[in-house]
$ cat coords14.txt   # compact mmCIF, N, CA and C atoms
# COMPACT_ATOMS: atom_id res chain seq x y z
N MET A 96 18.82 -57.46 6.69
CA MET A 96 17.66 -58.13 6.19
C MET A 96 16.70 -57.12 5.56
N ARG A 97 16.15 -57.53 4.45
CA ARG A 97 15.18 -56.70 3.77
C ARG A 97 13.78 -57.17 4.09
N PRO A 98 12.90 -56.24 4.35
CA PRO A 98 11.51 -56.66 4.58
C PRO A 98 10.93 -57.18 3.27
N GLU A 99 10.06 -58.10 3.44
CA GLU A 99 9.46 -58.70 2.25
C GLU A 99 8.49 -57.71 1.60
N GLN A 100 8.60 -57.60 0.31
CA GLN A 100 7.71 -56.74 -0.44
C GLN A 100 6.82 -57.61 -1.31
N PRO A 101 5.59 -57.20 -1.53
CA PRO A 101 4.73 -58.01 -2.38
C PRO A 101 5.27 -58.04 -3.80
N ALA A 102 5.09 -59.16 -4.43
CA ALA A 102 5.59 -59.35 -5.78
C ALA A 102 4.91 -58.42 -6.76
N SER A 103 3.65 -58.21 -6.59
CA SER A 103 2.93 -57.28 -7.46
C SER A 103 2.33 -56.17 -6.60
N GLY A 104 1.69 -55.24 -7.20
CA GLY A 104 1.11 -54.12 -6.46
C GLY A 104 -0.26 -54.44 -5.88
N ASP A 105 -0.58 -55.72 -5.68
CA ASP A 105 -1.91 -56.08 -5.19
C ASP A 105 -2.16 -55.59 -3.77
N GLY A 106 -1.14 -55.59 -2.94
CA GLY A 106 -1.34 -55.25 -1.53
C GLY A 106 -1.37 -53.75 -1.27
N LEU A 107 -1.07 -52.93 -2.27
CA LEU A 107 -1.03 -51.48 -2.06
C LEU A 107 -2.35 -50.84 -2.47
N LEU A 108 -2.79 -49.90 -1.67
CA LEU A 108 -4.01 -49.18 -1.98
C LEU A 108 -3.65 -47.86 -2.67
N PRO A 109 -4.46 -47.43 -3.58
CA PRO A 109 -4.16 -46.14 -4.23
C PRO A 109 -4.39 -44.99 -3.25
N VAL A 110 -3.55 -44.01 -3.34
CA VAL A 110 -3.67 -42.84 -2.49
C VAL A 110 -4.30 -41.71 -3.31
N THR A 111 -5.39 -41.19 -2.80
CA THR A 111 -6.04 -40.08 -3.48
C THR A 111 -6.08 -38.90 -2.55
N ARG A 112 -6.01 -37.79 -3.13
CA ARG A 112 -6.04 -36.56 -2.35
C ARG A 112 -7.48 -36.07 -2.33
N SER A 113 -8.02 -35.87 -1.14
CA SER A 113 -9.40 -35.42 -1.05
C SER A 113 -9.43 -33.89 -1.09
N SER A 114 -10.45 -33.38 -1.73
CA SER A 114 -10.59 -31.93 -1.78
C SER A 114 -11.23 -31.46 -0.47
N SER A 115 -11.20 -30.17 -0.25
CA SER A 115 -11.77 -29.64 0.99
C SER A 115 -13.28 -29.87 1.00
N ALA A 116 -13.85 -29.84 2.18
CA ALA A 116 -15.28 -30.10 2.32
C ALA A 116 -16.11 -29.02 1.64
N ARG A 117 -15.67 -27.77 1.74
CA ARG A 117 -16.40 -26.68 1.11
C ARG A 117 -15.78 -26.35 -0.23
N PRO A 118 -16.57 -26.15 -1.22
CA PRO A 118 -15.98 -25.71 -2.49
C PRO A 118 -15.50 -24.27 -2.35
N THR A 119 -14.32 -24.01 -2.82
CA THR A 119 -13.77 -22.67 -2.71
C THR A 119 -14.11 -21.89 -3.97
N THR A 120 -15.02 -20.97 -3.83
CA THR A 120 -15.37 -20.10 -4.94
C THR A 120 -14.89 -18.70 -4.61
N ALA A 121 -14.26 -18.09 -5.55
CA ALA A 121 -13.76 -16.74 -5.33
C ALA A 121 -14.93 -15.77 -5.29
N ARG A 122 -14.99 -14.99 -4.25
CA ARG A 122 -16.06 -14.00 -4.15
C ARG A 122 -15.77 -12.88 -5.14
N PRO A 123 -16.76 -12.45 -5.88
CA PRO A 123 -16.53 -11.36 -6.83
C PRO A 123 -16.13 -10.09 -6.10
N GLY A 124 -15.10 -9.44 -6.58
CA GLY A 124 -14.65 -8.20 -5.97
C GLY A 124 -13.62 -8.36 -4.88
N ARG A 125 -13.36 -9.58 -4.47
CA ARG A 125 -12.41 -9.79 -3.37
C ARG A 125 -11.00 -9.34 -3.76
N GLY A 126 -10.60 -9.67 -4.98
CA GLY A 126 -9.27 -9.27 -5.45
C GLY A 126 -9.13 -7.76 -5.52
N LEU A 127 -10.19 -7.10 -5.98
CA LEU A 127 -10.17 -5.63 -6.04
C LEU A 127 -10.06 -5.03 -4.64
N ALA A 128 -10.77 -5.60 -3.70
CA ALA A 128 -10.73 -5.09 -2.33
C ALA A 128 -9.34 -5.29 -1.72
N ILE A 129 -8.72 -6.43 -1.98
CA ILE A 129 -7.38 -6.68 -1.46
C ILE A 129 -6.38 -5.73 -2.10
N ALA A 130 -6.48 -5.56 -3.42
CA ALA A 130 -5.57 -4.65 -4.11
C ALA A 130 -5.76 -3.21 -3.63
N GLY A 131 -7.00 -2.82 -3.39
CA GLY A 131 -7.27 -1.48 -2.89
C GLY A 131 -6.71 -1.26 -1.50
N GLY A 132 -6.85 -2.26 -0.64
CA GLY A 132 -6.30 -2.14 0.71
C GLY A 132 -4.78 -2.06 0.71
N ALA A 133 -4.15 -2.89 -0.11
CA ALA A 133 -2.69 -2.86 -0.20
C ALA A 133 -2.22 -1.54 -0.81
N GLY A 134 -2.95 -1.07 -1.81
CA GLY A 134 -2.60 0.20 -2.43
C GLY A 134 -2.74 1.37 -1.48
N LEU A 135 -3.74 1.32 -0.61
CA LEU A 135 -3.88 2.38 0.39
C LEU A 135 -2.67 2.42 1.32
N GLY A 136 -2.17 1.25 1.69
CA GLY A 136 -0.98 1.21 2.53
C GLY A 136 0.23 1.80 1.82
N VAL A 137 0.41 1.45 0.56
CA VAL A 137 1.53 1.99 -0.22
C VAL A 137 1.38 3.49 -0.40
N GLY A 138 0.17 3.94 -0.68
CA GLY A 138 -0.08 5.37 -0.85
C GLY A 138 0.20 6.16 0.42
N LEU A 139 -0.16 5.59 1.57
CA LEU A 139 0.12 6.27 2.83
C LEU A 139 1.62 6.37 3.08
N VAL A 140 2.35 5.32 2.74
CA VAL A 140 3.81 5.36 2.92
C VAL A 140 4.43 6.41 2.00
N LEU A 141 4.03 6.42 0.73
CA LEU A 141 4.57 7.40 -0.21
C LEU A 141 4.25 8.83 0.23
N THR A 142 3.03 9.05 0.68
CA THR A 142 2.64 10.37 1.12
C THR A 142 3.38 10.77 2.40
N GLY A 143 3.61 9.82 3.28
CA GLY A 143 4.37 10.10 4.50
C GLY A 143 5.81 10.49 4.20
N VAL A 144 6.44 9.78 3.26
CA VAL A 144 7.82 10.12 2.88
C VAL A 144 7.85 11.49 2.22
N ALA A 145 6.85 11.78 1.38
CA ALA A 145 6.79 13.11 0.76
C ALA A 145 6.62 14.20 1.82
N GLY A 146 5.82 13.93 2.84
CA GLY A 146 5.66 14.89 3.93
C GLY A 146 6.95 15.11 4.69
N TYR A 147 7.70 14.04 4.91
CA TYR A 147 8.99 14.17 5.60
C TYR A 147 9.96 15.02 4.78
N LEU A 148 10.04 14.73 3.47
CA LEU A 148 10.93 15.51 2.61
C LEU A 148 10.46 16.96 2.51
N GLY A 149 9.16 17.18 2.51
CA GLY A 149 8.64 18.55 2.52
C GLY A 149 9.04 19.29 3.78
N GLY A 150 9.03 18.60 4.90
CA GLY A 150 9.49 19.21 6.15
C GLY A 150 10.96 19.58 6.08
N ARG A 151 11.76 18.72 5.45
CA ARG A 151 13.18 19.05 5.28
C ARG A 151 13.36 20.25 4.37
N LEU A 152 12.51 20.37 3.34
CA LEU A 152 12.57 21.53 2.46
C LEU A 152 12.26 22.82 3.23
N VAL A 153 11.24 22.78 4.06
CA VAL A 153 10.87 23.95 4.86
C VAL A 153 12.01 24.31 5.81
N ASP A 154 12.62 23.32 6.43
CA ASP A 154 13.76 23.58 7.32
C ASP A 154 14.92 24.22 6.57
N THR A 155 15.15 23.77 5.33
CA THR A 155 16.23 24.34 4.52
C THR A 155 15.93 25.80 4.17
N VAL A 156 14.68 26.10 3.83
CA VAL A 156 14.31 27.48 3.51
C VAL A 156 14.48 28.37 4.73
N HIS A 157 14.04 27.90 5.89
CA HIS A 157 14.18 28.68 7.12
C HIS A 157 15.66 28.90 7.47
N ALA A 158 16.47 27.88 7.29
CA ALA A 158 17.90 28.01 7.56
C ALA A 158 18.54 29.02 6.61
N ALA A 159 18.13 28.99 5.34
CA ALA A 159 18.68 29.94 4.37
C ALA A 159 18.25 31.37 4.69
N GLN A 160 16.99 31.56 5.07
CA GLN A 160 16.52 32.90 5.42
C GLN A 160 17.24 33.43 6.66
N GLU A 161 17.41 32.56 7.64
CA GLU A 161 18.10 32.97 8.86
C GLU A 161 19.57 33.30 8.56
N PHE A 162 20.18 32.49 7.73
CA PHE A 162 21.59 32.71 7.39
C PHE A 162 21.75 34.02 6.61
N ASN A 163 20.86 34.29 5.66
CA ASN A 163 20.95 35.51 4.87
C ASN A 163 20.66 36.76 5.70
N SER A 164 19.84 36.62 6.73
CA SER A 164 19.56 37.78 7.59
C SER A 164 20.75 38.13 8.48
N GLN A 165 21.65 37.20 8.70
CA GLN A 165 22.83 37.45 9.54
C GLN A 165 23.95 38.15 8.78
N ILE A 166 23.90 38.12 7.46
CA ILE A 166 24.97 38.71 6.66
C ILE A 166 24.71 40.21 6.53
N ASP A 167 25.68 40.99 6.94
CA ASP A 167 25.60 42.45 6.82
C ASP A 167 26.58 42.89 5.74
N GLY A 168 26.06 43.52 4.72
CA GLY A 168 26.95 44.02 3.67
C GLY A 168 27.43 42.92 2.76
N PHE A 169 28.76 42.80 2.63
CA PHE A 169 29.35 41.82 1.73
C PHE A 169 29.60 40.50 2.45
N ALA A 170 29.45 39.41 1.71
CA ALA A 170 29.62 38.07 2.29
C ALA A 170 31.05 37.59 2.05
N SER A 171 31.56 36.83 3.00
CA SER A 171 32.89 36.22 2.83
C SER A 171 32.75 34.98 1.96
N ASP A 172 33.89 34.40 1.61
CA ASP A 172 33.87 33.19 0.78
C ASP A 172 33.17 32.04 1.49
N ALA A 173 33.38 31.92 2.80
CA ALA A 173 32.74 30.84 3.56
C ALA A 173 31.22 31.04 3.58
N GLU A 174 30.78 32.28 3.70
CA GLU A 174 29.34 32.56 3.72
C GLU A 174 28.71 32.30 2.35
N ILE A 175 29.42 32.63 1.30
CA ILE A 175 28.92 32.36 -0.05
C ILE A 175 28.81 30.86 -0.28
N ALA A 176 29.82 30.11 0.22
CA ALA A 176 29.79 28.65 0.08
C ALA A 176 28.62 28.05 0.86
N ARG A 177 28.38 28.57 2.07
CA ARG A 177 27.25 28.06 2.87
C ARG A 177 25.92 28.35 2.20
N ASP A 178 25.77 29.55 1.61
CA ASP A 178 24.54 29.90 0.90
C ASP A 178 24.35 29.00 -0.31
N ALA A 179 25.42 28.73 -1.04
CA ALA A 179 25.33 27.84 -2.20
C ALA A 179 24.97 26.42 -1.78
N GLU A 180 25.48 26.00 -0.62
CA GLU A 180 25.16 24.65 -0.10
C GLU A 180 23.68 24.55 0.24
N LEU A 181 23.11 25.57 0.87
CA LEU A 181 21.69 25.56 1.22
C LEU A 181 20.81 25.58 -0.04
N LYS A 182 21.22 26.38 -1.05
CA LYS A 182 20.45 26.40 -2.29
C LYS A 182 20.51 25.06 -3.01
N GLN A 183 21.68 24.43 -3.00
CA GLN A 183 21.82 23.11 -3.64
C GLN A 183 20.97 22.06 -2.92
N ASP A 184 20.93 22.13 -1.59
CA ASP A 184 20.12 21.19 -0.82
C ASP A 184 18.64 21.36 -1.17
N TYR A 185 18.21 22.62 -1.33
CA TYR A 185 16.82 22.88 -1.70
C TYR A 185 16.52 22.34 -3.09
N ARG A 186 17.40 22.58 -4.04
CA ARG A 186 17.20 22.08 -5.41
C ARG A 186 17.23 20.56 -5.47
N ARG A 187 18.03 19.94 -4.61
CA ARG A 187 18.14 18.48 -4.61
C ARG A 187 16.89 17.82 -4.05
N LEU A 188 16.28 18.41 -3.04
CA LEU A 188 15.11 17.80 -2.38
C LEU A 188 13.79 18.10 -3.08
N GLY A 189 13.72 19.13 -3.91
CA GLY A 189 12.47 19.53 -4.54
C GLY A 189 11.83 18.49 -5.44
N PRO A 190 12.54 18.00 -6.47
CA PRO A 190 11.90 17.04 -7.39
C PRO A 190 11.47 15.72 -6.75
N PRO A 191 12.28 15.11 -5.86
CA PRO A 191 11.77 13.87 -5.24
C PRO A 191 10.54 14.11 -4.37
N THR A 192 10.50 15.24 -3.71
CA THR A 192 9.34 15.55 -2.87
C THR A 192 8.08 15.67 -3.72
N LEU A 193 8.18 16.39 -4.82
CA LEU A 193 7.03 16.55 -5.71
C LEU A 193 6.61 15.22 -6.32
N ALA A 194 7.58 14.42 -6.76
CA ALA A 194 7.25 13.12 -7.37
C ALA A 194 6.58 12.19 -6.36
N LEU A 195 7.10 12.14 -5.15
CA LEU A 195 6.50 11.27 -4.13
C LEU A 195 5.10 11.75 -3.74
N ALA A 196 4.91 13.06 -3.66
CA ALA A 196 3.59 13.59 -3.32
C ALA A 196 2.57 13.25 -4.41
N LEU A 197 2.96 13.42 -5.67
CA LEU A 197 2.04 13.08 -6.76
C LEU A 197 1.75 11.58 -6.81
N ALA A 198 2.80 10.77 -6.68
CA ALA A 198 2.60 9.31 -6.72
C ALA A 198 1.76 8.85 -5.53
N GLY A 199 2.02 9.39 -4.35
CA GLY A 199 1.26 9.00 -3.17
C GLY A 199 -0.20 9.40 -3.27
N GLY A 200 -0.46 10.62 -3.72
CA GLY A 200 -1.85 11.07 -3.86
C GLY A 200 -2.60 10.27 -4.90
N THR A 201 -1.96 10.01 -6.03
CA THR A 201 -2.59 9.22 -7.08
C THR A 201 -2.88 7.81 -6.60
N THR A 202 -1.92 7.22 -5.90
CA THR A 202 -2.10 5.86 -5.38
C THR A 202 -3.26 5.81 -4.38
N LEU A 203 -3.38 6.82 -3.54
CA LEU A 203 -4.48 6.84 -2.57
C LEU A 203 -5.83 6.92 -3.28
N VAL A 204 -5.93 7.76 -4.30
CA VAL A 204 -7.21 7.90 -5.00
C VAL A 204 -7.58 6.62 -5.73
N VAL A 205 -6.63 6.06 -6.49
CA VAL A 205 -6.91 4.84 -7.25
C VAL A 205 -7.25 3.69 -6.30
N SER A 206 -6.52 3.59 -5.20
CA SER A 206 -6.77 2.49 -4.25
C SER A 206 -8.13 2.63 -3.58
N ALA A 207 -8.53 3.85 -3.28
CA ALA A 207 -9.85 4.06 -2.68
C ALA A 207 -10.95 3.64 -3.66
N VAL A 208 -10.75 3.95 -4.95
CA VAL A 208 -11.74 3.54 -5.95
C VAL A 208 -11.78 2.02 -6.07
N LEU A 209 -10.61 1.37 -6.11
CA LEU A 209 -10.56 -0.10 -6.17
C LEU A 209 -11.26 -0.73 -4.97
N LEU A 210 -10.99 -0.18 -3.81
CA LEU A 210 -11.60 -0.70 -2.59
C LEU A 210 -13.11 -0.52 -2.62
N GLY A 211 -13.57 0.62 -3.09
CA GLY A 211 -15.01 0.86 -3.18
C GLY A 211 -15.69 -0.06 -4.17
N VAL A 212 -15.08 -0.23 -5.35
CA VAL A 212 -15.68 -1.11 -6.36
C VAL A 212 -15.67 -2.56 -5.87
N GLY A 213 -14.56 -2.99 -5.27
CA GLY A 213 -14.49 -4.36 -4.75
C GLY A 213 -15.50 -4.60 -3.64
N GLY A 214 -15.66 -3.62 -2.76
CA GLY A 214 -16.64 -3.76 -1.67
C GLY A 214 -18.06 -3.82 -2.20
N ARG A 215 -18.33 -3.02 -3.22
CA ARG A 215 -19.68 -3.03 -3.81
C ARG A 215 -19.97 -4.36 -4.49
N ARG A 216 -18.98 -4.89 -5.20
CA ARG A 216 -19.20 -6.18 -5.86
C ARG A 216 -19.36 -7.30 -4.84
N MET A 217 -18.61 -7.22 -3.75
CA MET A 217 -18.77 -8.25 -2.72
C MET A 217 -20.13 -8.12 -2.05
N ALA A 218 -20.62 -6.91 -1.89
CA ALA A 218 -21.94 -6.71 -1.26
C ALA A 218 -23.05 -7.24 -2.15
N ARG A 219 -22.90 -7.08 -3.46
CA ARG A 219 -23.92 -7.60 -4.37
C ARG A 219 -23.94 -9.12 -4.40
N ALA A 220 -22.80 -9.73 -4.08
CA ALA A 220 -22.71 -11.18 -4.15
C ALA A 220 -23.29 -11.85 -2.92
N SER A 221 -23.72 -11.08 -1.92
CA SER A 221 -24.30 -11.72 -0.74
C SER A 221 -25.62 -12.38 -1.14
N ARG A 222 -25.90 -13.48 -0.55
CA ARG A 222 -27.08 -14.26 -0.92
C ARG A 222 -28.22 -14.00 0.06
N MET A 223 -29.36 -13.63 -0.49
CA MET A 223 -30.54 -13.40 0.33
C MET A 223 -31.68 -14.24 -0.23
N ALA A 224 -32.53 -14.72 0.66
CA ALA A 224 -33.63 -15.56 0.20
C ALA A 224 -34.81 -15.43 1.16
N LEU A 225 -35.99 -15.61 0.59
CA LEU A 225 -37.21 -15.74 1.38
C LEU A 225 -37.59 -17.21 1.39
N MET A 226 -37.76 -17.77 2.59
CA MET A 226 -38.06 -19.19 2.70
C MET A 226 -39.41 -19.37 3.39
N PRO A 227 -40.21 -20.28 2.87
CA PRO A 227 -41.50 -20.53 3.54
C PRO A 227 -41.28 -21.30 4.85
N THR A 228 -41.97 -20.90 5.86
CA THR A 228 -41.94 -21.58 7.16
C THR A 228 -43.38 -21.82 7.59
N PRO A 229 -43.60 -22.68 8.59
CA PRO A 229 -44.98 -22.94 9.03
C PRO A 229 -45.72 -21.69 9.49
N GLY A 230 -45.01 -20.70 10.00
CA GLY A 230 -45.69 -19.49 10.49
C GLY A 230 -45.72 -18.37 9.46
N GLY A 231 -45.17 -18.54 8.29
CA GLY A 231 -45.14 -17.48 7.27
C GLY A 231 -43.86 -17.56 6.45
N LEU A 232 -43.20 -16.45 6.30
CA LEU A 232 -41.95 -16.40 5.54
C LEU A 232 -40.78 -16.03 6.43
N ALA A 233 -39.64 -16.58 6.12
CA ALA A 233 -38.41 -16.23 6.85
C ALA A 233 -37.42 -15.64 5.86
N PHE A 234 -36.77 -14.59 6.30
CA PHE A 234 -35.77 -13.92 5.46
C PHE A 234 -34.40 -14.42 5.89
N GLY A 235 -33.64 -14.92 4.94
CA GLY A 235 -32.29 -15.41 5.24
C GLY A 235 -31.27 -14.69 4.39
N ALA A 236 -30.17 -14.30 4.98
CA ALA A 236 -29.11 -13.60 4.26
C ALA A 236 -27.76 -14.17 4.66
N ARG A 237 -26.90 -14.34 3.68
CA ARG A 237 -25.53 -14.82 3.94
C ARG A 237 -24.59 -13.67 3.63
N PHE A 238 -23.77 -13.34 4.59
CA PHE A 238 -22.86 -12.21 4.41
C PHE A 238 -21.47 -12.70 4.14

$ encode --input "coords14.txt" --output "structure tokens"
Amino acid sequence: MRPEQPASGDGLLPVTRSSSARPTTARPGRGLAIAGGAGLGVGLVLTGVAGYLGGRLVDTVHAAQEFNSQIDGFASDAEIARDAELKQDYRRLGPPTLALALAGGTTLVVSAVLLGVGGRRMARASRMALMPTPGGLAFGARF
């Protein structure tokens, strides 16, 4: 059995979507502050990875110095191969370490500026008013 449906749309009410009670206005500078905060996180990660790779570079240099100090006179083929391996490891890690350090430092500086500008714009957008009251004036501020 089918339920009875009205012949015309007279019995149906229109459905409307109500907007939120408060109007949503974007605060000036909020986007800059969010981008600056996210950028600071990315910059810290990049700088941390660069620091880790820099530590590996230092370990490679120390290993090469220690290895070269153990060789007396002429080196065997195995010792020459080990020295070449340490030099190759140093050459391989150098450019990514430098690139990550530069990118991380630049990201930190730019993000700090974005965060500062966004914070300043948000601070200027705070609303302050002097209102008359029966006893004098009242200072009101919205943060």

$ closest_residue --input "coords14.txt" --among "A:Ala128, A:Ala173, A:Leu107, A:Val144" --to "Leu210 (chain A)" --atoms "all atoms listed in the file"
A:Ala128

$ closest_residue --input "coords14.txt" --among "A:Pro123, A:Gly134, A:Gly143, A:Gly235" --to "Arg219 (chain A)" --atoms "all atoms listed in the file"
A:Pro123

$ select_by_dssp --input "coords14.txt" --residues "region 119-233 of chain A" --states "alpha helix (DSSP H)" --output "PyMOL selection string"
chain A and resi 125-165+172-219

$ atom_distance --input "coords14.txt" --atom1 "CA of Leu188 (chain A)" --atom2 "CA of Glu174 (chain A)"
21.4 Å

$ atom_distance --input "coords14.txt" --atom1 "CA of Ala145 (chain A)" --atom2 "atom C of Thr202 (chain A)"
13.4 Å

$ atom_distance --input "coords14.txt" --atom1 "atom C of Asn163 (chain A)" --atom2 "atom N of Gly146 (chain A)"
27.4 Å

$ axis_aligned_box --input "coords14.txt" --around "region 182-194 of chain A" --padding-each-side "5 Å" --output "lines of an AutoDock Vina configuration file"
center_x = 14.2
center_y = 19.3
center_z = -4.1
size_x = 25.2
size_y = 24.2
size_z = 16.6

$ select_by_dssp --input "coords14.txt" --residues "region 119-226 of chain A" --states "strand (DSSP E)" --output "MDAnalysis selection string"
chainID A and resid 222:226

$ residues_near_point --input "coords14.txt" --point "(-14.2, -3.6, -4.5)" --cutoff "12 Å" --atoms "only C-alpha atoms" --output "list in words"
Arg122, Pro123, Gly124, Arg125, Gly126, Leu127, Ala128, Ile129, Ala130, Gly131, Gly132, Val205, Ser206, Ala207, Val208, Leu209, Leu210, Gly211, Val212, Gly213, Gly214, Arg215, Arg216, Met217, Ala218, Arg219 and Ala220 of chain A

$ closest_residue --input "coords14.txt" --among "A:Val156, A:Ala133, A:Val140, A:Leu181" --to "Gly200 (chain A)" --atoms "only C-alpha atoms"
A:Val140

$ residues_around --input "coords14.txt" --residues "Leu152 (chain A)" --least-positions-apart "4" --cutoff "8 Å" --atoms "all atoms listed in the file" --output "PyMOL selection string"
chain A and resi 146-148+156-158+184-185+188-189
